[in-house]
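Undergrad: Below you'll find structure.cif; it's mmCIF, C-alpha atoms.
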data_entry
loop_
_atom_site.group_PDB
_atom_site.id
_atom_site.type_symbol
_atom_site.label_atom_id
_atom_site.label_comp_id
_atom_site.auth_asym_id
_atom_site.auth_seq_id
_atom_site.Cartn_x
_atom_site.Cartn_y
_atom_site.Cartn_z
ATOM 1 C CA MET A 1 13.891 -23.192 -18.803
ATOM 2 C CA ILE A 2 11.675 -22.236 -21.736
ATOM 3 C CA GLU A 3 9.795 -25.536 -21.513
ATOM 4 C CA LYS A 4 8.478 -24.358 -18.118
ATOM 5 C CA TRP A 5 6.694 -21.340 -19.654
ATOM 6 C CA TRP A 6 3.431 -22.467 -18.124
ATOM 7 C CA THR A 7 4.805 -21.853 -14.616
ATOM 8 C CA HIS A 8 5.220 -18.173 -15.531
ATOM 9 C CA VAL A 9 1.667 -18.047 -16.838
ATOM 10 C CA ILE A 10 0.362 -19.581 -13.595
ATOM 11 C CA THR A 11 2.405 -17.143 -11.497
ATOM 12 C CA VAL A 12 1.149 -14.099 -13.393
ATOM 13 C CA ALA A 13 -2.432 -15.369 -13.229
ATOM 14 C CA ALA A 14 -2.152 -15.972 -9.474
ATOM 15 C CA LEU A 15 -0.705 -12.484 -8.920
ATOM 16 C CA ALA A 16 -3.481 -10.946 -10.990
ATOM 17 C CA LEU A 17 -6.117 -12.757 -8.935
ATOM 18 C CA VAL A 18 -4.558 -11.725 -5.615
ATOM 19 C CA MET A 19 -4.094 -8.080 -6.652
ATOM 20 C CA GLY A 20 -7.656 -7.973 -7.996
ATOM 21 C CA TRP A 21 -8.919 -9.393 -4.708
ATOM 22 C CA VAL A 22 -6.991 -6.755 -2.730
ATOM 23 C CA ALA A 23 -8.214 -3.944 -4.994
ATOM 24 C CA ARG A 24 -11.829 -5.041 -4.517
ATOM 25 C CA ARG A 25 -11.378 -4.906 -0.738
ATOM 26 C CA ARG A 26 -10.810 -1.134 -0.755
ATOM 27 C CA LYS A 27 -13.689 0.814 0.695
ATOM 28 C CA ALA A 28 -14.619 4.238 2.020
ATOM 29 C CA ALA A 29 -12.710 5.873 4.851
ATOM 30 C CA LYS A 30 -13.916 5.308 8.395
ATOM 31 C CA VAL A 31 -15.449 8.340 10.057
ATOM 32 C CA GLU A 32 -14.311 9.029 13.614
ATOM 33 C CA GLY A 33 -15.732 12.246 14.988
ATOM 34 C CA ARG A 34 -15.004 14.907 12.388
ATOM 35 C CA ALA A 35 -12.063 13.023 10.872
ATOM 36 C CA ARG A 36 -11.962 10.568 8.002
ATOM 37 C CA VAL A 37 -9.500 7.740 8.671
ATOM 38 C CA LEU A 38 -7.539 6.027 5.897
ATOM 39 C CA THR A 39 -6.276 2.516 6.669
ATOM 40 C CA ASN A 40 -5.184 -0.556 4.757
ATOM 41 C CA PRO A 41 -7.786 -3.154 3.897
ATOM 42 C CA ALA A 42 -7.578 -6.349 5.950
ATOM 43 C CA ALA A 43 -6.401 -8.106 2.773
ATOM 44 C CA VAL A 44 -2.927 -6.516 3.173
ATOM 45 C CA TRP A 45 -2.562 -7.995 6.641
ATOM 46 C CA ILE A 46 -3.901 -11.364 5.483
ATOM 47 C CA ILE A 47 -1.371 -11.564 2.620
ATOM 48 C CA GLY A 48 1.453 -10.735 5.034
ATOM 49 C CA VAL A 49 0.394 -13.409 7.513
ATOM 50 C CA LEU A 50 -0.174 -16.061 4.849
ATOM 51 C CA SER A 51 3.121 -15.426 3.038
ATOM 52 C CA THR A 52 5.127 -15.366 6.266
ATOM 53 C CA THR A 53 3.440 -18.540 7.501
ATOM 54 C CA LEU A 54 3.938 -20.301 4.173
ATOM 55 C CA PHE A 55 7.669 -19.581 3.961
ATOM 56 C CA VAL A 56 8.312 -20.348 7.644
ATOM 57 C CA GLY A 57 6.515 -23.653 7.063
ATOM 58 C CA VAL A 58 8.622 -24.452 4.001
ATOM 59 C CA ALA A 59 11.783 -23.518 5.939
ATOM 60 C CA MET A 60 10.757 -25.867 8.751
ATOM 61 C CA LEU A 61 10.115 -28.648 6.244
ATOM 62 C CA SER A 62 13.539 -28.084 4.720
ATOM 63 C CA ILE A 63 15.091 -28.408 8.181
ATOM 64 C CA PHE A 64 13.245 -31.569 9.212
ATOM 65 C CA MET A 65 13.125 -33.314 5.858
ATOM 66 C CA GLY A 66 16.487 -32.173 4.541
ATOM 67 C CA THR A 67 19.826 -33.851 4.901
ATOM 68 C CA GLY A 68 21.248 -31.102 7.077
ATOM 69 C CA ARG A 69 23.319 -29.729 4.196
ATOM 70 C CA ASP A 70 20.519 -27.550 2.840
ATOM 71 C CA TRP A 71 21.037 -24.672 5.284
ATOM 72 C CA LEU A 72 21.233 -22.190 2.394
ATOM 73 C CA ALA A 73 17.766 -23.142 1.163
ATOM 74 C CA THR A 74 16.412 -22.817 4.701
ATOM 75 C CA CYS A 75 17.947 -19.338 5.023
ATOM 76 C CA ILE A 76 16.468 -18.296 1.679
ATOM 77 C CA PHE A 77 12.996 -19.463 2.745
ATOM 78 C CA LEU A 78 13.338 -17.588 6.042
ATOM 79 C CA GLY A 79 14.408 -14.509 4.071
ATOM 80 C CA PHE A 80 11.234 -14.752 1.999
ATOM 81 C CA ALA A 81 9.250 -15.149 5.237
ATOM 82 C CA LEU A 82 10.702 -11.848 6.446
ATOM 83 C CA LEU A 83 9.309 -10.116 3.348
ATOM 84 C CA GLY A 84 5.789 -10.632 4.682
ATOM 85 C CA VAL A 85 6.548 -8.949 8.012
ATOM 86 C CA PRO A 86 6.366 -5.357 6.661
ATOM 87 C CA LEU A 87 2.915 -6.147 5.241
ATOM 88 C CA ILE A 88 1.761 -7.332 8.666
ATOM 89 C CA ILE A 89 3.172 -4.222 10.354
ATOM 90 C CA ASP A 90 1.790 -2.003 7.587
ATOM 91 C CA GLY A 91 -1.655 -3.517 8.042
ATOM 92 C CA PHE A 92 -1.704 -2.522 11.705
ATOM 93 C CA ARG A 93 0.375 0.661 11.780
ATOM 94 C CA VAL A 94 -0.676 2.747 8.774
ATOM 95 C CA ARG A 95 -3.378 5.234 9.713
ATOM 96 C CA HIS A 96 -3.976 8.671 8.261
ATOM 97 C CA GLU A 97 -6.598 11.035 9.640
ATOM 98 C CA LEU A 98 -8.031 13.757 7.415
ATOM 99 C CA LYS A 99 -9.182 16.631 9.627
ATOM 100 C CA ASP A 100 -10.350 20.167 8.981
ATOM 101 C CA GLY A 101 -6.958 21.519 10.052
ATOM 102 C CA GLY A 102 -4.766 19.030 8.213
ATOM 103 C CA ILE A 103 -3.547 15.454 8.124
ATOM 104 C CA ALA A 104 -2.388 13.286 11.016
ATOM 105 C CA TYR A 105 -0.053 10.935 9.132
ATOM 106 C CA ARG A 106 1.248 7.580 10.386
ATOM 107 C CA GLY A 107 3.063 5.533 7.788
ATOM 108 C CA LEU A 108 5.164 2.405 8.104
ATOM 109 C CA VAL A 109 8.223 4.380 9.243
ATOM 110 C CA LEU A 110 7.351 8.082 9.505
ATOM 111 C CA ALA A 111 4.637 9.778 11.505
ATOM 112 C CA TYR A 112 3.550 13.416 11.675
ATOM 113 C CA ASP A 113 1.027 14.510 14.294
ATOM 114 C CA ARG A 114 -0.213 17.287 12.097
ATOM 115 C CA VAL A 115 0.531 18.469 8.580
ATOM 116 C CA LEU A 116 -1.492 21.575 7.826
ATOM 117 C CA TRP A 117 -3.297 21.708 4.501
ATOM 118 C CA ASN A 118 -1.515 24.943 3.584
ATOM 119 C CA GLU A 119 1.875 23.260 4.146
ATOM 120 C CA LEU A 120 1.265 20.945 1.184
ATOM 121 C CA GLU A 121 3.101 22.102 -1.914
ATOM 122 C CA SER A 122 2.835 19.338 -4.510
ATOM 123 C CA ALA A 123 1.247 15.993 -5.297
ATOM 124 C CA ALA A 124 2.620 13.254 -7.539
ATOM 125 C CA TRP A 125 1.167 9.868 -8.439
ATOM 126 C CA SER A 126 3.846 7.195 -8.802
ATOM 127 C CA ASN A 127 2.509 4.752 -11.354
ATOM 128 C CA SER A 128 5.299 2.261 -10.688
ATOM 129 C CA MET A 129 4.913 2.266 -6.882
ATOM 130 C CA LYS A 130 1.132 2.848 -6.955
ATOM 131 C CA TRP A 131 1.138 5.594 -4.352
ATOM 132 C CA LEU A 132 0.367 9.275 -4.080
ATOM 133 C CA VAL A 133 3.211 11.381 -2.718
ATOM 134 C CA LEU A 134 2.326 14.689 -1.082
ATOM 135 C CA THR A 135 5.299 16.979 -0.497
ATOM 136 C CA THR A 136 5.286 19.850 1.961
ATOM 137 C CA TRP A 137 7.069 23.174 1.477
ATOM 138 C CA ASP A 138 9.779 22.000 3.944
ATOM 139 C CA GLY A 139 10.430 18.730 2.053
ATOM 140 C CA ARG A 140 8.459 16.194 4.096
ATOM 141 C CA LYS A 141 6.924 13.448 1.975
ATOM 142 C CA LEU A 142 3.656 11.760 2.806
ATOM 143 C CA ARG A 143 3.032 8.567 0.846
ATOM 144 C CA PHE A 144 -0.479 7.203 0.438
ATOM 145 C CA SER A 145 -0.683 3.697 -1.010
ATOM 146 C CA GLY A 146 -3.114 2.998 -3.818
ATOM 147 C CA LEU A 147 -4.383 0.126 -1.656
ATOM 148 C CA LEU A 148 -5.700 2.370 1.129
ATOM 149 C CA ASN A 149 -9.327 2.519 2.117
ATOM 150 C CA GLY A 150 -10.584 6.067 1.664
ATOM 151 C CA LEU A 151 -8.526 7.330 -1.277
ATOM 152 C CA ASP A 152 -11.661 9.039 -2.547
ATOM 153 C CA SER A 153 -11.879 10.975 0.731
ATOM 154 C CA LEU A 154 -8.251 12.048 0.385
ATOM 155 C CA ALA A 155 -8.854 13.283 -3.162
ATOM 156 C CA LEU A 156 -11.930 15.231 -2.037
ATOM 157 C CA ALA A 157 -10.072 16.728 0.939
ATOM 158 C CA LEU A 158 -7.165 17.818 -1.265
ATOM 159 C CA ALA A 159 -9.554 19.507 -3.700
ATOM 160 C CA GLU A 160 -11.278 21.305 -0.841
ATOM 161 C CA HIS A 161 -8.356 22.237 1.414
ATOM 162 C CA ALA A 162 -5.354 22.365 -0.956
ATOM 163 C CA PRO A 163 -6.682 23.402 -4.373
ATOM 164 C CA THR A 164 -3.399 25.054 -5.414
ATOM 165 C CA LEU A 165 -1.247 21.912 -5.181
ATOM 166 C CA ARG A 166 1.269 21.608 -8.006
ATOM 167 C CA MET A 167 0.840 18.346 -9.918
ATOM 168 C CA ASN A 168 1.308 16.851 -13.347
ATOM 169 C CA ASP A 169 -1.545 15.823 -15.644
ATOM 170 C CA ARG A 170 -1.367 12.147 -14.644
ATOM 171 C CA THR A 171 -1.715 12.993 -10.936
ATOM 172 C CA ALA A 172 -4.573 15.414 -11.652
ATOM 173 C CA LYS A 173 -6.389 12.628 -13.547
ATOM 174 C CA VAL A 174 -5.879 10.063 -10.752
ATOM 175 C CA LEU A 175 -7.214 12.521 -8.147
ATOM 176 C CA ALA A 176 -10.147 13.612 -10.347
ATOM 177 C CA ASP A 177 -11.059 9.948 -10.925
ATOM 178 C CA ALA A 178 -10.761 9.176 -7.199
ATOM 179 C CA ARG A 179 -13.134 12.061 -6.397
ATOM 180 C CA GLN A 180 -15.634 10.315 -8.690
ATOM 181 C CA GLY A 181 -15.104 6.972 -6.926
ATOM 182 C CA ILE A 182 -12.851 5.524 -9.654
ATOM 183 C CA LEU A 183 -9.845 4.254 -7.712
ATOM 184 C CA PRO A 184 -6.441 3.773 -9.345
ATOM 185 C CA ASN A 185 -5.678 0.417 -10.891
ATOM 186 C CA ILE A 186 -3.061 -1.227 -8.697
ATOM 187 C CA TRP A 187 -2.167 -4.032 -11.059
ATOM 188 C CA GLN A 188 -1.564 -2.444 -14.458
ATOM 189 C CA ASN A 189 0.341 0.674 -15.486
#
Hey, can you dump this file as structure tokens for me?
TA:
Amino acid sequence: MIEKWWTHVITVAALALVMGWVARRRKAAKVEGRARVLTNPAAVWIIGVLSTTLFVGVAMLSIFMGTGRDWLATCIFLGFALLGVPLIIDGFRVRHELKDGGIAYRGLVLAYDRVLWNELESAAWSNSMKWLVLTTWDGRKLRFSGLLNGLDSLALALAEHAPTLRMNDRTAKVLADARQGILPNIWQN
């Protein structure tokens, strides 16, 4: 296993290139009327489609080129193909609108038509998950991925509309940097 160390180096290098590509695809929020709209870059959707297609293709090859006894390998490849599906859905579904009155939040699973700015109680940057978590006074959690287009707009809106948010020093630094156009690094801690 150790003699294959170069495969680990190639894997890490490939991941670094892909994550760097995705990070460079982030841009400013779209403006629709008086709202700023945060969405995923197209790169998220592309990665989901490519990974799902790749693993479905490998599963099909294992079916047609295998001996018929390799059903476990086929199931594993199909399982990996399913991992790309949330990225595809996330690419289309996630949409957050920053309005004067609050946030219209639509995540992968949860959606809130309106979260008022004064309902926000705390903010926390998760360095391991690379997302900003806003918590309301009634316990709702709004998660904003570090990959989103428009993170700078979110940071500016929070400073303007929710200046009394509780947060730790790390979160304050991430938001201050984002207000200056310095987006969080999504590859390194």
Undergrad: Starting from the shown file, work through the PyMOL selection byres ((chain A and resi 167-177) around 7) and note down what comes out as an mmCIF file with C-alpha atoms, keeping the file's coordinate frame.
TA:
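Here's the written file result_35.cif:
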data_model
loop_
_atom_site.group_PDB
_atom_site.id
_atom_site.type_symbol
_atom_site.label_atom_id
_atom_site.label_comp_id
_atom_site.auth_asym_id
_atom_site.auth_seq_id
_atom_site.Cartn_x
_atom_site.Cartn_y
_atom_site.Cartn_z
ATOM 1 C CA SER A 122 2.835 19.338 -4.510
ATOM 2 C CA ALA A 123 1.247 15.993 -5.297
ATOM 3 C CA ALA A 124 2.620 13.254 -7.539
ATOM 4 C CA TRP A 125 1.167 9.868 -8.439
ATOM 5 C CA ALA A 155 -8.854 13.283 -3.162
ATOM 6 C CA LEU A 165 -1.247 21.912 -5.181
ATOM 7 C CA ARG A 166 1.269 21.608 -8.006
ATOM 8 C CA ALA A 178 -10.761 9.176 -7.199
ATOM 9 C CA ARG A 179 -13.134 12.061 -6.397
ATOM 10 C CA GLN A 180 -15.634 10.315 -8.690
ATOM 11 C CA GLY A 181 -15.104 6.972 -6.926
ATOM 12 C CA ILE A 182 -12.851 5.524 -9.654
ATOM 13 C CA LEU A 183 -9.845 4.254 -7.712
ATOM 14 C CA PRO A 184 -6.441 3.773 -9.345
#
Undergrad: Name the residues that the PyMOL selection byres ((chain A and resi 36) around 9) pulls out of this structure, and write them as a list in words.
TA: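 When the PyMOL selection byres ((chain A and resi 36) around 9) is applied, the selected residues are Ala29, Lys30, Val31, Glu32, Gly33, Arg34, Ala35, Val37, Leu38, His96, Glu97, Leu98, Lys99, Gly150, Ser153 and Leu154 of chain A.
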Undergrad: Pick from A:Gly66, A:Gly57, A:Gly146, A:Pro163: nearest to Phe80 of chain A, with only C-alpha atoms counted?
TA: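 With only C-alpha atoms as the atom set, the closest residue is A:Gly57.
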Undergrad: For this file, the PyMOL selection byres ((chain A and resi 21) around 12) selects which residues, as a ChimeraX atom specification?
TA: /A:14-20,22-26,41-44,46-47,147,186-187
Undergrad: Using all atoms listed in the file, which residues sit within 6 Å of Leu87 of chain A once same-chain residues fewer than 4 positions away are excluded, as JSON, numbers by chain?
TA: {"A": [45, 48, 91]}
Undergrad: Between atom CA of Leu142 of chain A and atom CA of Leu50 of chain A, what distance in Å does the model show, to one decimal?
TA: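 Computed distance, atom CA of Leu142 of chain A to atom CA of Leu50 of chain A, equals 28.2 Å.
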Undergrad: Take every atom of segment 128-137 of chain A listed in the file, fit an axis-aligned box around them, add 3 Å per side, and give the centre and edge lengths in Å to one decimal as AutoDock Vina command-line options.
TA:
--center_x 3.7 --center_y 12.7 --center_z -4.4 --size_x 12.7 --size_y 26.9 --size_z 18.6
Undergrad: Taking into account only C-alpha atoms, which residue in the set A:Met60, A:Ala162, A:Ala111, A:Leu54 is nearest to Ala81 of chain A?
TA: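 Nearest candidate to Ala81 of chain A out of A:Met60, A:Ala162, A:Ala111, A:Leu54: A:Leu54.
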Undergrad: Pull the neighbourhood of (-3.0, 2.5, 3.7) for me: all residues within 7 Å in file coordinates, counting only C-alpha atoms, as a PyMOL selection string.
TA: chain A and resi 38-40+94-95+144-145+147-149
Undergrad: N, CA and C atoms are needed for segment 154-174 of chain A; please write them out as a PDB file, in the coordinates of the input.
TA:
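Full text of rebuild20.pdb as output:
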ATOM      1  N   LEU A 154      -9.479  11.259   0.487  1.00  0.00           N
ATOM      2  CA  LEU A 154      -8.251  12.048   0.385  1.00  0.00           C
ATOM      3  C   LEU A 154      -8.317  12.978  -0.824  1.00  0.00           C
ATOM      4  N   ALA A 155      -8.752  12.459  -1.949  1.00  0.00           N
ATOM      5  CA  ALA A 155      -8.854  13.283  -3.162  1.00  0.00           C
ATOM      6  C   ALA A 155      -9.831  14.439  -2.956  1.00  0.00           C
ATOM      7  N   LEU A 156     -10.956  14.177  -2.317  1.00  0.00           N
ATOM      8  CA  LEU A 156     -11.930  15.231  -2.037  1.00  0.00           C
ATOM      9  C   LEU A 156     -11.365  16.271  -1.069  1.00  0.00           C
ATOM     10  N   ALA A 157     -10.662  15.807  -0.036  1.00  0.00           N
ATOM     11  CA  ALA A 157     -10.072  16.728   0.939  1.00  0.00           C
ATOM     12  C   ALA A 157      -8.999  17.600   0.295  1.00  0.00           C
ATOM     13  N   LEU A 158      -8.193  17.022  -0.584  1.00  0.00           N
ATOM     14  CA  LEU A 158      -7.165  17.818  -1.265  1.00  0.00           C
ATOM     15  C   LEU A 158      -7.801  18.883  -2.152  1.00  0.00           C
ATOM     16  N   ALA A 159      -8.869  18.534  -2.840  1.00  0.00           N
ATOM     17  CA  ALA A 159      -9.554  19.507  -3.700  1.00  0.00           C
ATOM     18  C   ALA A 159     -10.150  20.642  -2.867  1.00  0.00           C
ATOM     19  N   GLU A 160     -10.640  20.299  -1.689  1.00  0.00           N
ATOM     20  CA  GLU A 160     -11.278  21.305  -0.841  1.00  0.00           C
ATOM     21  C   GLU A 160     -10.266  22.171  -0.090  1.00  0.00           C
ATOM     22  N   HIS A 161      -9.260  21.529   0.516  1.00  0.00           N
ATOM     23  CA  HIS A 161      -8.356  22.237   1.414  1.00  0.00           C
ATOM     24  C   HIS A 161      -7.029  22.660   0.790  1.00  0.00           C
ATOM     25  N   ALA A 162      -6.641  22.040  -0.317  1.00  0.00           N
ATOM     26  CA  ALA A 162      -5.354  22.365  -0.956  1.00  0.00           C
ATOM     27  C   ALA A 162      -5.525  22.456  -2.473  1.00  0.00           C
ATOM     28  N   PRO A 163      -6.383  23.347  -2.938  1.00  0.00           N
ATOM     29  CA  PRO A 163      -6.682  23.402  -4.373  1.00  0.00           C
ATOM     30  C   PRO A 163      -5.526  23.908  -5.242  1.00  0.00           C
ATOM     31  N   THR A 164      -4.512  24.499  -4.627  1.00  0.00           N
ATOM     32  CA  THR A 164      -3.399  25.054  -5.414  1.00  0.00           C
ATOM     33  C   THR A 164      -2.190  24.128  -5.469  1.00  0.00           C
ATOM     34  N   LEU A 165      -2.361  22.867  -5.106  1.00  0.00           N
ATOM     35  CA  LEU A 165      -1.247  21.912  -5.181  1.00  0.00           C
ATOM     36  C   LEU A 165      -0.691  21.844  -6.599  1.00  0.00           C
ATOM     37  N   ARG A 166       0.642  21.834  -6.701  1.00  0.00           N
ATOM     38  CA  ARG A 166       1.269  21.608  -8.006  1.00  0.00           C
ATOM     39  C   ARG A 166       1.231  20.113  -8.290  1.00  0.00           C
ATOM     40  N   MET A 167       0.869  19.761  -9.533  1.00  0.00           N
ATOM     41  CA  MET A 167       0.840  18.346  -9.918  1.00  0.00           C
ATOM     42  C   MET A 167       0.869  18.234 -11.431  1.00  0.00           C
ATOM     43  N   ASN A 168       1.318  17.086 -11.906  1.00  0.00           N
ATOM     44  CA  ASN A 168       1.308  16.851 -13.347  1.00  0.00           C
ATOM     45  C   ASN A 168      -0.068  16.355 -13.791  1.00  0.00           C
ATOM     46  N   ASP A 169      -0.239  16.215 -15.093  1.00  0.00           N
ATOM     47  CA  ASP A 169      -1.545  15.823 -15.644  1.00  0.00           C
ATOM     48  C   ASP A 169      -1.983  14.445 -15.166  1.00  0.00           C
ATOM     49  N   ARG A 170      -1.047  13.514 -15.079  1.00  0.00           N
ATOM     50  CA  ARG A 170      -1.367  12.147 -14.644  1.00  0.00           C
ATOM     51  C   ARG A 170      -1.928  12.159 -13.220  1.00  0.00           C
ATOM     52  N   THR A 171      -1.269  12.904 -12.319  1.00  0.00           N
ATOM     53  CA  THR A 171      -1.715  12.993 -10.936  1.00  0.00           C
ATOM     54  C   THR A 171      -3.084  13.655 -10.858  1.00  0.00           C
ATOM     55  N   ALA A 172      -3.282  14.723 -11.632  1.00  0.00           N
ATOM     56  CA  ALA A 172      -4.573  15.414 -11.652  1.00  0.00           C
ATOM     57  C   ALA A 172      -5.687  14.458 -12.085  1.00  0.00           C
ATOM     58  N   LYS A 173      -5.391  13.606 -13.063  1.00  0.00           N
ATOM     59  CA  LYS A 173      -6.389  12.628 -13.547  1.00  0.00           C
ATOM     60  C   LYS A 173      -6.701  11.584 -12.472  1.00  0.00           C
ATOM     61  N   VAL A 174      -5.667  11.064 -11.809  1.00  0.00           N
ATOM     62  CA  VAL A 174      -5.879  10.063 -10.752  1.00  0.00           C
ATOM     63  C   VAL A 174      -6.740  10.653  -9.636  1.00  0.00           C
TER      64      VAL A 174
END
